[in-house]
Amino acid sequence: MSQTFEPQILNHPLIQHKISLMRKKETGSKDFRELASEVATLMCYEATRDLPLKEVTVETPICRCKTKMIAGRKLAIVPILRAGLGMVDGMLTLIPAAKVGHIGLYRDEETAKPIEYFCKLPCDISEREVIVVDPMLATGGSAIDAVSMIKKHGAANIKFMCIIAAPEGLAAFGKVHPDVKVYVGVLDEKLNDHNYIVPGLGDAGDRIFGTK
């Protein structure tokens, strides 16, 4: 039976508000970095909603009680370099014990296809739930290749999280990786002739790191 690809669009008011501030061209790198991190924290809250729990006994100042904690699930965050780095700290705020891998991909300006140049993952990646992050899902090429690389290393439980996505990118990603849960802050209108998201927010990497 084929799997149904159903990306989750996280239409939370705080996420929408912060992304709107990120879109503004006058927002500088410092504020843009902080906003990207804050949006990642909010999105991570939703992306980890299905983590399993176990019952434990703790001693409160009043008495002993039974309560719940995360059931030892190992997590890994894998940003797609370089823009994905802007989302890592915000996620580690919620899941500080997660390990962090890195995948380096860049887009060929003429073909719009991703070029791989780096891959460093935790040695036990196959045992972890992996959340791949990149602020933008445009054509989908980088995300598709990154997830494929992680699967080759044995990981089976993978999620992908982006702040803004284009319909074309989501469709392309879903065709190749229908088994991967996708979390999107905002679904934008389309790609333009240069494969940039419209209305988008420009080049996320340049805006995070202050480069051109």
# chains A, B, ... in the order shown; residues from 1 in each chain; ligands from 1
>>> residues_around(residues="segment 178-186 of chain A", least_positions_apart="2", cutoff="6 Å", atoms="only C-alpha atoms", output="ChimeraX atom specification")
/A:5,7-10,158-164,174
>>> write_last_selection(atoms="N, CA, C and O atoms", output="CSV table (one decimal), in the first residue's frame")
chain,number,residue,atom,x,y,z
A,5,PHE,N,1.3,11.2,1.5
A,5,PHE,CA,2.2,12.3,2.0
A,5,PHE,C,1.3,13.5,2.4
A,5,PHE,O,0.6,14.1,1.6
A,7,PRO,N,2.0,16.8,4.5
A,7,PRO,CA,2.8,17.8,5.2
A,7,PRO,C,2.0,18.6,6.2
A,7,PRO,O,0.8,18.9,5.9
A,8,GLN,N,2.5,18.9,7.3
A,8,GLN,CA,1.8,19.7,8.3
A,8,GLN,C,2.2,21.1,8.2
A,8,GLN,O,3.4,21.5,8.4
A,9,ILE,N,1.2,22.0,7.9
A,9,ILE,CA,1.5,23.4,7.9
A,9,ILE,C,1.1,24.0,9.2
A,9,ILE,O,0.0,23.9,9.7
A,10,LEU,N,2.1,24.5,9.9
A,10,LEU,CA,1.9,24.9,11.3
A,10,LEU,C,1.4,26.4,11.4
A,10,LEU,O,2.2,27.3,11.6
A,158,ILE,N,12.7,9.5,10.1
A,158,ILE,CA,13.2,10.8,9.7
A,158,ILE,C,12.0,11.8,9.6
A,158,ILE,O,11.0,11.5,9.0
A,159,LYS,N,12.3,13.1,10.0
A,159,LYS,CA,11.4,14.2,9.8
A,159,LYS,C,12.1,15.3,9.1
A,159,LYS,O,13.3,15.4,9.2
A,160,PHE,N,11.4,16.1,8.4
A,160,PHE,CA,12.0,17.3,7.8
A,160,PHE,C,11.2,18.5,8.2
A,160,PHE,O,10.0,18.5,8.2
A,161,MET,N,11.9,19.6,8.5
A,161,MET,CA,11.3,20.8,9.0
A,161,MET,C,11.9,22.0,8.3
A,161,MET,O,13.1,22.2,8.2
A,162,CYS,N,11.0,22.9,7.8
A,162,CYS,CA,11.4,24.1,7.1
A,162,CYS,C,10.5,25.2,7.5
A,162,CYS,O,9.3,25.0,7.9
A,163,ILE,N,11.0,26.5,7.4
A,163,ILE,CA,10.2,27.6,7.8
A,163,ILE,C,9.2,28.0,6.7
A,163,ILE,O,8.1,28.3,7.0
A,164,ILE,N,9.7,28.0,5.5
A,164,ILE,CA,8.9,28.4,4.3
A,164,ILE,C,9.1,27.4,3.2
A,164,ILE,O,10.2,26.9,3.0
A,174,GLY,N,7.6,15.0,-1.7
A,174,GLY,CA,6.7,13.9,-1.4
A,174,GLY,C,6.7,12.7,-2.3
A,174,GLY,O,6.4,11.6,-1.9
>>> select_by_dssp(residues="segment 4-203 of chain A", states="alpha helix (DSSP H)", output="PDB file with N, CA and C atoms, in the first residue's frame")
ATOM      1  N   PRO A  13      -0.226  31.293  15.446  1.00  0.00           N
ATOM      2  CA  PRO A  13      -0.097  32.756  15.365  1.00  0.00           C
ATOM      3  C   PRO A  13       1.312  33.275  15.625  1.00  0.00           C
ATOM      4  N   LEU A  14       2.025  32.706  16.599  1.00  0.00           N
ATOM      5  CA  LEU A  14       3.371  33.181  16.887  1.00  0.00           C
ATOM      6  C   LEU A  14       4.327  32.878  15.740  1.00  0.00           C
ATOM      7  N   ILE A  15       4.175  31.718  15.131  1.00  0.00           N
ATOM      8  CA  ILE A  15       5.005  31.361  13.983  1.00  0.00           C
ATOM      9  C   ILE A  15       4.729  32.319  12.826  1.00  0.00           C
ATOM     10  N   GLN A  16       3.446  32.578  12.558  1.00  0.00           N
ATOM     11  CA  GLN A  16       3.088  33.487  11.461  1.00  0.00           C
ATOM     12  C   GLN A  16       3.654  34.884  11.703  1.00  0.00           C
ATOM     13  N   HIS A  17       3.537  35.360  12.928  1.00  0.00           N
ATOM     14  CA  HIS A  17       4.014  36.704  13.262  1.00  0.00           C
ATOM     15  C   HIS A  17       5.524  36.832  13.060  1.00  0.00           C
ATOM     16  N   LYS A  18       6.260  35.859  13.561  1.00  0.00           N
ATOM     17  CA  LYS A  18       7.712  35.932  13.481  1.00  0.00           C
ATOM     18  C   LYS A  18       8.207  35.762  12.043  1.00  0.00           C
ATOM     19  N   ILE A  19       7.549  34.930  11.270  1.00  0.00           N
ATOM     20  CA  ILE A  19       7.934  34.782   9.871  1.00  0.00           C
ATOM     21  C   ILE A  19       7.662  36.080   9.104  1.00  0.00           C
ATOM     22  N   SER A  20       6.582  36.755   9.442  1.00  0.00           N
ATOM     23  CA  SER A  20       6.290  38.043   8.797  1.00  0.00           C
ATOM     24  C   SER A  20       7.410  39.042   9.059  1.00  0.00           C
ATOM     25  N   LEU A  21       7.954  39.044  10.279  1.00  0.00           N
ATOM     26  CA  LEU A  21       9.080  39.925  10.588  1.00  0.00           C
ATOM     27  C   LEU A  21      10.327  39.508   9.802  1.00  0.00           C
ATOM     28  N   MET A  22      10.519  38.201   9.625  1.00  0.00           N
ATOM     29  CA  MET A  22      11.659  37.712   8.848  1.00  0.00           C
ATOM     30  C   MET A  22      11.562  38.133   7.384  1.00  0.00           C
ATOM     31  N   ARG A  23      10.361  38.208   6.853  1.00  0.00           N
ATOM     32  CA  ARG A  23      10.175  38.560   5.444  1.00  0.00           C
ATOM     33  C   ARG A  23      10.607  39.999   5.146  1.00  0.00           C
ATOM     34  N   SER A  29      20.555  41.196  10.042  1.00  0.00           N
ATOM     35  CA  SER A  29      21.008  39.824  10.300  1.00  0.00           C
ATOM     36  C   SER A  29      20.811  39.399  11.753  1.00  0.00           C
ATOM     37  N   LYS A  30      21.105  40.286  12.703  1.00  0.00           N
ATOM     38  CA  LYS A  30      20.956  39.934  14.112  1.00  0.00           C
ATOM     39  C   LYS A  30      19.522  39.547  14.425  1.00  0.00           C
ATOM     40  N   ASP A  31      18.573  40.406  14.034  1.00  0.00           N
ATOM     41  CA  ASP A  31      17.160  40.116  14.305  1.00  0.00           C
ATOM     42  C   ASP A  31      16.689  38.909  13.501  1.00  0.00           C
ATOM     43  N   PHE A  32      17.175  38.774  12.267  1.00  0.00           N
ATOM     44  CA  PHE A  32      16.776  37.647  11.433  1.00  0.00           C
ATOM     45  C   PHE A  32      17.220  36.335  12.060  1.00  0.00           C
ATOM     46  N   ARG A  33      18.461  36.278  12.559  1.00  0.00           N
ATOM     47  CA  ARG A  33      18.972  35.072  13.224  1.00  0.00           C
ATOM     48  C   ARG A  33      18.130  34.723  14.439  1.00  0.00           C
ATOM     49  N   GLU A  34      17.806  35.730  15.245  1.00  0.00           N
ATOM     50  CA  GLU A  34      17.021  35.490  16.452  1.00  0.00           C
ATOM     51  C   GLU A  34      15.629  34.980  16.102  1.00  0.00           C
ATOM     52  N   LEU A  35      15.023  35.563  15.081  1.00  0.00           N
ATOM     53  CA  LEU A  35      13.692  35.138  14.661  1.00  0.00           C
ATOM     54  C   LEU A  35      13.715  33.714  14.112  1.00  0.00           C
ATOM     55  N   ALA A  36      14.724  33.388  13.309  1.00  0.00           N
ATOM     56  CA  ALA A  36      14.829  32.034  12.766  1.00  0.00           C
ATOM     57  C   ALA A  36      14.953  31.011  13.886  1.00  0.00           C
ATOM     58  N   SER A  37      15.741  31.352  14.896  1.00  0.00           N
ATOM     59  CA  SER A  37      15.916  30.456  16.040  1.00  0.00           C
ATOM     60  C   SER A  37      14.615  30.299  16.823  1.00  0.00           C
ATOM     61  N   GLU A  38      13.902  31.403  17.011  1.00  0.00           N
ATOM     62  CA  GLU A  38      12.634  31.358  17.749  1.00  0.00           C
ATOM     63  C   GLU A  38      11.579  30.550  16.994  1.00  0.00           C
ATOM     64  N   VAL A  39      11.507  30.729  15.682  1.00  0.00           N
ATOM     65  CA  VAL A  39      10.560  29.956  14.874  1.00  0.00           C
ATOM     66  C   VAL A  39      10.909  28.465  14.948  1.00  0.00           C
ATOM     67  N   ALA A  40      12.198  28.156  14.909  1.00  0.00           N
ATOM     68  CA  ALA A  40      12.626  26.759  14.996  1.00  0.00           C
ATOM     69  C   ALA A  40      12.214  26.141  16.327  1.00  0.00           C
ATOM     70  N   THR A  41      12.312  26.914  17.405  1.00  0.00           N
ATOM     71  CA  THR A  41      11.892  26.416  18.717  1.00  0.00           C
ATOM     72  C   THR A  41      10.401  26.082  18.710  1.00  0.00           C
ATOM     73  N   LEU A  42       9.606  26.986  18.175  1.00  0.00           N
ATOM     74  CA  LEU A  42       8.158  26.765  18.132  1.00  0.00           C
ATOM     75  C   LEU A  42       7.807  25.572  17.249  1.00  0.00           C
ATOM     76  N   MET A  43       8.493  25.430  16.125  1.00  0.00           N
ATOM     77  CA  MET A  43       8.219  24.318  15.220  1.00  0.00           C
ATOM     78  C   MET A  43       8.677  22.996  15.813  1.00  0.00           C
ATOM     79  N   CYS A  44       9.790  23.031  16.545  1.00  0.00           N
ATOM     80  CA  CYS A  44      10.303  21.822  17.196  1.00  0.00           C
ATOM     81  C   CYS A  44       9.296  21.288  18.211  1.00  0.00           C
ATOM     82  N   TYR A  45       8.615  22.201  18.888  1.00  0.00           N
ATOM     83  CA  TYR A  45       7.564  21.805  19.843  1.00  0.00           C
ATOM     84  C   TYR A  45       6.521  20.937  19.156  1.00  0.00           C
ATOM     85  N   GLU A  46       6.123  21.337  17.941  1.00  0.00           N
ATOM     86  CA  GLU A  46       5.120  20.569  17.199  1.00  0.00           C
ATOM     87  C   GLU A  46       5.707  19.282  16.626  1.00  0.00           C
ATOM     88  N   ALA A  47       6.941  19.347  16.134  1.00  0.00           N
ATOM     89  CA  ALA A  47       7.551  18.180  15.491  1.00  0.00           C
ATOM     90  C   ALA A  47       7.865  17.062  16.475  1.00  0.00           C
ATOM     91  N   LEU A  85      21.877  25.886   9.798  1.00  0.00           N
ATOM     92  CA  LEU A  85      22.518  26.154  11.088  1.00  0.00           C
ATOM     93  C   LEU A  85      21.727  27.159  11.911  1.00  0.00           C
ATOM     94  N   GLY A  86      21.021  28.048  11.233  1.00  0.00           N
ATOM     95  CA  GLY A  86      20.256  29.074  11.932  1.00  0.00           C
ATOM     96  C   GLY A  86      19.079  28.538  12.725  1.00  0.00           C
ATOM     97  N   MET A  87      18.744  27.259  12.547  1.00  0.00           N
ATOM     98  CA  MET A  87      17.615  26.666  13.255  1.00  0.00           C
ATOM     99  C   MET A  87      18.044  25.755  14.391  1.00  0.00           C
ATOM    100  N   VAL A  88      19.329  25.428  14.463  1.00  0.00           N
ATOM    101  CA  VAL A  88      19.786  24.403  15.405  1.00  0.00           C
ATOM    102  C   VAL A  88      19.671  24.843  16.860  1.00  0.00           C
ATOM    103  N   ASP A  89      20.180  26.032  17.191  1.00  0.00           N
ATOM    104  CA  ASP A  89      20.178  26.463  18.595  1.00  0.00           C
ATOM    105  C   ASP A  89      18.766  26.545  19.159  1.00  0.00           C
ATOM    106  N   GLY A  90      17.834  27.003  18.342  1.00  0.00           N
ATOM    107  CA  GLY A  90      16.459  27.085  18.811  1.00  0.00           C
ATOM    108  C   GLY A  90      15.882  25.721  19.147  1.00  0.00           C
ATOM    109  N   MET A  91      16.269  24.702  18.394  1.00  0.00           N
ATOM    110  CA  MET A  91      15.787  23.349  18.663  1.00  0.00           C
ATOM    111  C   MET A  91      16.480  22.748  19.873  1.00  0.00           C
ATOM    112  N   LEU A  92      17.787  23.019  20.027  1.00  0.00           N
ATOM    113  CA  LEU A  92      18.516  22.503  21.183  1.00  0.00           C
ATOM    114  C   LEU A  92      18.014  23.105  22.488  1.00  0.00           C
ATOM    115  N   GLY A 141      15.206  19.975  -4.086  1.00  0.00           N
ATOM    116  CA  GLY A 141      16.367  19.172  -4.425  1.00  0.00           C
ATOM    117  C   GLY A 141      17.308  18.907  -3.264  1.00  0.00           C
ATOM    118  N   SER A 142      17.652  19.953  -2.512  1.00  0.00           N
ATOM    119  CA  SER A 142      18.576  19.783  -1.392  1.00  0.00           C
ATOM    120  C   SER A 142      17.992  18.889  -0.309  1.00  0.00           C
ATOM    121  N   ALA A 143      16.731  19.114   0.013  1.00  0.00           N
ATOM    122  CA  ALA A 143      16.085  18.307   1.050  1.00  0.00           C
ATOM    123  C   ALA A 143      15.982  16.847   0.625  1.00  0.00           C
ATOM    124  N   ILE A 144      15.634  16.614  -0.626  1.00  0.00           N
ATOM    125  CA  ILE A 144      15.531  15.244  -1.136  1.00  0.00           C
ATOM    126  C   ILE A 144      16.872  14.537  -1.027  1.00  0.00           C
ATOM    127  N   ASP A 145      17.950  15.209  -1.474  1.00  0.00           N
ATOM    128  CA  ASP A 145      19.272  14.598  -1.428  1.00  0.00           C
ATOM    129  C   ASP A 145      19.751  14.384   0.003  1.00  0.00           C
ATOM    130  N   ALA A 146      19.496  15.347   0.883  1.00  0.00           N
ATOM    131  CA  ALA A 146      19.932  15.222   2.267  1.00  0.00           C
ATOM    132  C   ALA A 146      19.271  14.027   2.942  1.00  0.00           C
ATOM    133  N   VAL A 147      17.967  13.892   2.768  1.00  0.00           N
ATOM    134  CA  VAL A 147      17.256  12.761   3.373  1.00  0.00           C
ATOM    135  C   VAL A 147      17.726  11.446   2.764  1.00  0.00           C
ATOM    136  N   SER A 148      17.987  11.429   1.468  1.00  0.00           N
ATOM    137  CA  SER A 148      18.501  10.212   0.824  1.00  0.00           C
ATOM    138  C   SER A 148      19.848   9.811   1.417  1.00  0.00           C
ATOM    139  N   MET A 149      20.722  10.803   1.677  1.00  0.00           N
ATOM    140  CA  MET A 149      22.023  10.522   2.276  1.00  0.00           C
ATOM    141  C   MET A 149      21.864   9.928   3.668  1.00  0.00           C
ATOM    142  N   ILE A 150      20.936  10.467   4.428  1.00  0.00           N
ATOM    143  CA  ILE A 150      20.722   9.978   5.787  1.00  0.00           C
ATOM    144  C   ILE A 150      20.150   8.556   5.768  1.00  0.00           C
ATOM    145  N   LYS A 151      19.266   8.291   4.845  1.00  0.00           N
ATOM    146  CA  LYS A 151      18.729   6.939   4.712  1.00  0.00           C
ATOM    147  C   LYS A 151      19.828   5.942   4.368  1.00  0.00           C
ATOM    148  N   LYS A 152      20.792   6.347   3.538  1.00  0.00           N
ATOM    149  CA  LYS A 152      21.901   5.463   3.176  1.00  0.00           C
ATOM    150  C   LYS A 152      22.744   5.102   4.389  1.00  0.00           C
ATOM    151  N   PRO A 167       4.988  25.162  -3.084  1.00  0.00           N
ATOM    152  CA  PRO A 167       4.218  23.973  -3.451  1.00  0.00           C
ATOM    153  C   PRO A 167       5.004  23.005  -4.331  1.00  0.00           C
ATOM    154  N   GLU A 168       5.821  23.561  -5.243  1.00  0.00           N
ATOM    155  CA  GLU A 168       6.613  22.711  -6.139  1.00  0.00           C
ATOM    156  C   GLU A 168       7.600  21.853  -5.357  1.00  0.00           C
ATOM    157  N   GLY A 169       8.229  22.443  -4.344  1.00  0.00           N
ATOM    158  CA  GLY A 169       9.186  21.703  -3.537  1.00  0.00           C
ATOM    159  C   GLY A 169       8.533  20.615  -2.710  1.00  0.00           C
ATOM    160  N   LEU A 170       7.394  20.941  -2.132  1.00  0.00           N
ATOM    161  CA  LEU A 170       6.671  19.934  -1.352  1.00  0.00           C
ATOM    162  C   LEU A 170       6.257  18.757  -2.223  1.00  0.00           C
ATOM    163  N   ALA A 171       5.759  19.050  -3.414  1.00  0.00           N
ATOM    164  CA  ALA A 171       5.322  17.987  -4.316  1.00  0.00           C
ATOM    165  C   ALA A 171       6.493  17.088  -4.706  1.00  0.00           C
ATOM    166  N   ALA A 172       7.629  17.702  -5.029  1.00  0.00           N
ATOM    167  CA  ALA A 172       8.811  16.928  -5.428  1.00  0.00           C
ATOM    168  C   ALA A 172       9.309  16.078  -4.267  1.00  0.00           C
ATOM    169  N   PHE A 173       9.349  16.650  -3.077  1.00  0.00           N
ATOM    170  CA  PHE A 173       9.822  15.919  -1.898  1.00  0.00           C
ATOM    171  C   PHE A 173       8.910  14.731  -1.597  1.00  0.00           C
ATOM    172  N   GLY A 174       7.603  14.969  -1.669  1.00  0.00           N
ATOM    173  CA  GLY A 174       6.651  13.916  -1.357  1.00  0.00           C
ATOM    174  C   GLY A 174       6.716  12.732  -2.299  1.00  0.00           C
ATOM    175  N   LYS A 175       7.095  12.977  -3.545  1.00  0.00           N
ATOM    176  CA  LYS A 175       7.197  11.885  -4.514  1.00  0.00           C
ATOM    177  C   LYS A 175       8.345  10.944  -4.180  1.00  0.00           C
ATOM    178  N   VAL A 176       9.443  11.517  -3.665  1.00  0.00           N
ATOM    179  CA  VAL A 176      10.638  10.719  -3.382  1.00  0.00           C
ATOM    180  C   VAL A 176      10.631  10.151  -1.964  1.00  0.00           C
TER     181      VAL A 176
END
>>> select_by_dssp(residues="segment 112-200 of chain A", states="strand (DSSP E)", output="count of residues only")
33
>>> residues_around(residues="His102 of chain A", least_positions_apart="3", cutoff="6 Å", atoms="only C-alpha atoms", output="VMD selection string")
chain A and resid 78 to 79 119 to 120
>>> write_last_selection(atoms="C-alpha atoms", output="CSV table (one decimal), in the first residue's frame")
chain,number,residue,atom,x,y,z
A,78,VAL,CA,20.8,17.5,11.0
A,79,PRO,CA,20.9,21.0,9.4
A,119,CYS,CA,28.3,14.8,5.3
A,120,LYS,CA,29.1,14.2,9.0
>>> residues_around(residues="segment 196-199 of chain A", least_positions_apart="6", cutoff="9 Å", atoms="only C-alpha atoms", output="PDB file with N, CA and C atoms, in the first residue's frame")
ATOM      1  N   ARG A  23      10.361  38.208   6.853  1.00  0.00           N
ATOM      2  CA  ARG A  23      10.175  38.560   5.444  1.00  0.00           C
ATOM      3  C   ARG A  23      10.607  39.999   5.146  1.00  0.00           C
ATOM      4  N   MET A 136      14.378  26.981   4.027  1.00  0.00           N
ATOM      5  CA  MET A 136      13.593  27.089   2.797  1.00  0.00           C
ATOM      6  C   MET A 136      13.511  25.750   2.064  1.00  0.00           C
ATOM      7  N   LEU A 137      12.322  25.417   1.601  1.00  0.00           N
ATOM      8  CA  LEU A 137      12.127  24.273   0.709  1.00  0.00           C
ATOM      9  C   LEU A 137      11.625  24.847  -0.605  1.00  0.00           C
ATOM     10  N   ALA A 138      12.544  25.056  -1.551  1.00  0.00           N
ATOM     11  CA  ALA A 138      12.195  25.692  -2.827  1.00  0.00           C
ATOM     12  C   ALA A 138      11.882  24.635  -3.877  1.00  0.00           C
ATOM     13  N   THR A 139      12.900  24.185  -4.610  1.00  0.00           N
ATOM     14  CA  THR A 139      12.677  23.105  -5.587  1.00  0.00           C
ATOM     15  C   THR A 139      12.565  21.755  -4.906  1.00  0.00           C
ATOM     16  N   ILE A 164       9.726  28.040   5.460  1.00  0.00           N
ATOM     17  CA  ILE A 164       8.887  28.405   4.319  1.00  0.00           C
ATOM     18  C   ILE A 164       9.072  27.361   3.220  1.00  0.00           C
ATOM     19  N   ALA A 165       7.979  26.979   2.572  1.00  0.00           N
ATOM     20  CA  ALA A 165       8.039  26.009   1.474  1.00  0.00           C
ATOM     21  C   ALA A 165       7.258  26.520   0.277  1.00  0.00           C
ATOM     22  N   ALA A 166       7.688  26.094  -0.906  1.00  0.00           N
ATOM     23  CA  ALA A 166       6.941  26.320  -2.142  1.00  0.00           C
ATOM     24  C   ALA A 166       6.171  25.047  -2.478  1.00  0.00           C
ATOM     25  N   ASP A 188       4.138  29.020   0.843  1.00  0.00           N
ATOM     26  CA  ASP A 188       4.058  30.210   0.001  1.00  0.00           C
ATOM     27  C   ASP A 188       3.412  29.914  -1.352  1.00  0.00           C
ATOM     28  N   GLU A 189       3.393  30.922  -2.205  1.00  0.00           N
ATOM     29  CA  GLU A 189       2.622  30.868  -3.446  1.00  0.00           C
ATOM     30  C   GLU A 189       3.241  29.995  -4.524  1.00  0.00           C
ATOM     31  N   LYS A 190       4.539  30.222  -4.838  1.00  0.00           N
ATOM     32  CA  LYS A 190       5.138  29.546  -5.991  1.00  0.00           C
ATOM     33  C   LYS A 190       6.638  29.811  -6.029  1.00  0.00           C
TER      34      LYS A 190
END
>>> closest_residue(among="A:Asn11, A:Val133, A:Tyr117, A:Pro61", to="Leu187 of chain A", atoms="only C-alpha atoms")
A:Asn11
>>> residues_around(residues="Ala76 of chain A", least_positions_apart="5", cutoff="6 Å", atoms="only C-alpha atoms", output="ChimeraX atom specification")
/A:98-100,130
>>> write_last_selection(atoms="N, CA, C and O atoms", output="PDB file, in the first residue's frame")
ATOM      1  N   ALA A  98      20.025  16.182  22.220  1.00  0.00           N
ATOM      2  CA  ALA A  98      20.092  15.703  20.836  1.00  0.00           C
ATOM      3  C   ALA A  98      21.503  15.871  20.286  1.00  0.00           C
ATOM      4  O   ALA A  98      22.194  16.837  20.591  1.00  0.00           O
ATOM      5  N   LYS A  99      21.925  14.920  19.453  1.00  0.00           N
ATOM      6  CA  LYS A  99      23.184  15.064  18.738  1.00  0.00           C
ATOM      7  C   LYS A  99      22.935  15.842  17.449  1.00  0.00           C
ATOM      8  O   LYS A  99      21.810  15.867  16.945  1.00  0.00           O
ATOM      9  N   VAL A 100      23.997  16.456  16.926  1.00  0.00           N
ATOM     10  CA  VAL A 100      23.861  17.295  15.742  1.00  0.00           C
ATOM     11  C   VAL A 100      24.797  16.794  14.644  1.00  0.00           C
ATOM     12  O   VAL A 100      26.006  16.678  14.853  1.00  0.00           O
ATOM     13  N   VAL A 130      15.587  11.318  13.486  1.00  0.00           N
ATOM     14  CA  VAL A 130      16.347  12.398  12.876  1.00  0.00           C
ATOM     15  C   VAL A 130      15.402  13.501  12.399  1.00  0.00           C
ATOM     16  O   VAL A 130      14.398  13.224  11.731  1.00  0.00           O
TER      17      VAL A 130
END
>>> closest_residue(among="A:Glu110, A:Glu129, A:Ala83, A:Val58", to="Gly210 of chain A", atoms="only C-alpha atoms")
A:Ala83
>>> atom_distance(atom1="atom CA of Lys113 of chain A", atom2="atom CA of Gly140 of chain A")
9.3 Å
